[in-house]
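Here is the structure we will look at.
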Amino acid sequence: NSVMMASYGQRLRIAATLAIVAAAGAEFSARPAARRVRGGFKPAEDVPNEVLQSTYTLSEATTAALATVSSGVDDLRKSLDAGEAVQGMGARCQKIVDGALEKFDKLVSKRVERGLLAKSRAGLQAQVYAQLRPLFL
């Protein structure tokens with residue numbers, strides 16, 4: 001596999017490019033040439049290494065935090081599917097959110113750019129709420 005043989009810097013660029021593509025969504029793939037002409041797309045080669053490293057670190061921290069959320073949501077879902085009344089469900093959900101954010105904060109270094117950190121943290125919080133929302137329906 002050519003990705004596995006890539007150097008650390010190349011893997012960072014690949015990860016950052018994939019993160020940029022994922023963040024842009026379908027619009028990115030629909031009009032890549034138009035974005036480049038207007039200056040809205042910046043290839044990974046033009047992105048500073050600090051931003052690439054920050055993006056990679058934030059992506060890894062988000063993935064790790066979401067893994068803990070999944071187990072907590074699964075526990076709540078099992079209780080609800082069994083027809084049990086869940087005492088203090090709001091507090092348990094808040095504990096899941098707080099736990100995910102704490103784990104994220106522990107894994108992210110202080111050198112990550114504040115703008116990227118805030119955006120990634122808000123995105124994590126939105127993903128956690130999205131996983132919890134079906135429990136209340």
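So you can find residues: chains in the structure tokens are A, B, ... in the order shown, residues in each start at 1, and ligands are numbered from 1 in order.
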Could you pull the residues within 12 Å of Leu137 in chain A, counting only C-alpha atoms, minus those fewer than 6 positions along the same chain, as an MDAnalysis selection string?
chainID A and resid 77 80 130:131
Include N, CA, C and O atoms and write out the residues we just selected as a compact mmCIF listing (two decimals), in the first residue's frame.
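Below you can see out16.txt, which holds the result:
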# COMPACT_ATOMS: atom_id res chain seq x y z
N ARG A 77 -29.00 3.37 25.22
CA ARG A 77 -29.93 2.81 24.24
C ARG A 77 -30.43 1.43 24.68
O ARG A 77 -31.61 1.11 24.54
N LEU A 80 -33.03 1.90 27.34
CA LEU A 80 -34.28 2.41 26.78
C LEU A 80 -35.00 1.37 25.95
O LEU A 80 -36.23 1.25 26.00
N ALA A 130 -25.64 14.99 18.22
CA ALA A 130 -26.32 14.25 17.15
C ALA A 130 -26.47 12.78 17.52
O ALA A 130 -27.47 12.15 17.16
N GLN A 131 -25.49 12.22 18.22
CA GLN A 131 -25.61 10.82 18.64
C GLN A 131 -26.60 10.66 19.79
O GLN A 131 -27.24 9.62 19.92
Nearby residues (only C-alpha atoms) at most 12 Å from Gln94 in chain A, same-chain spacing under 3 positions excluded, as a list in words:
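Counting only C-alpha atoms, the residues come to Val69, Gly72, Val73, Gly88, Met89, Gly90, Ala91, Val97, Asp98, Gly99, Ala100, Leu101, Gln125, Val128, Tyr129 and Leu132 of chain A.
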Would you please work out which residue, of A:Leu135, A:Lys78, A:Arg121, A:Glu84, is nearest to Lys103 in chain A when using only C-alpha atoms?
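Result for the nearest residue to Lys103 in chain A: A:Arg121.
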Excluding Leu117 in chain A and residues on its chain fewer than 4 positions from it, collect all residues at most 9 Å away from it, counting only C-alpha atoms, and give them as a PyMOL selection string.
chain A and resi 54-55+58+108+112-113+121-122
Using Å and a single decimal, report how far CA of Ala61 in chain A sits from CA of Pro134 in chain A.
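Going from CA of Pro134 in chain A over to CA of Ala61 in chain A, I get 24.0 Å.
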Pick from A:Ala64, A:Arg111, A:Glu50, A:Phe136, whichever lies nearest to Val86 in chain A using only C-alpha atoms
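Among A:Ala64, A:Arg111, A:Glu50, A:Phe136, it is A:Phe136 that comes nearest to Val86 in chain A.
Considering the residues A:Lys119, A:Gln87, A:Ser109, A:Arg133 and counting only C-alpha atoms, Thr57 in chain A has its shortest atom-to-atom contact with A:Ser109.
Comparing A:Pro48, A:Ile96, A:Arg114, A:Tyr56 by their smallest distance to Ser70 in chain A, the closest is A:Ile96 (using only C-alpha atoms).
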CA of Thr63 in chain A and CA of Asp81 in chain A are how many Å apart?
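Separation of CA of Thr63 in chain A and CA of Asp81 in chain A: 26.3 Å.
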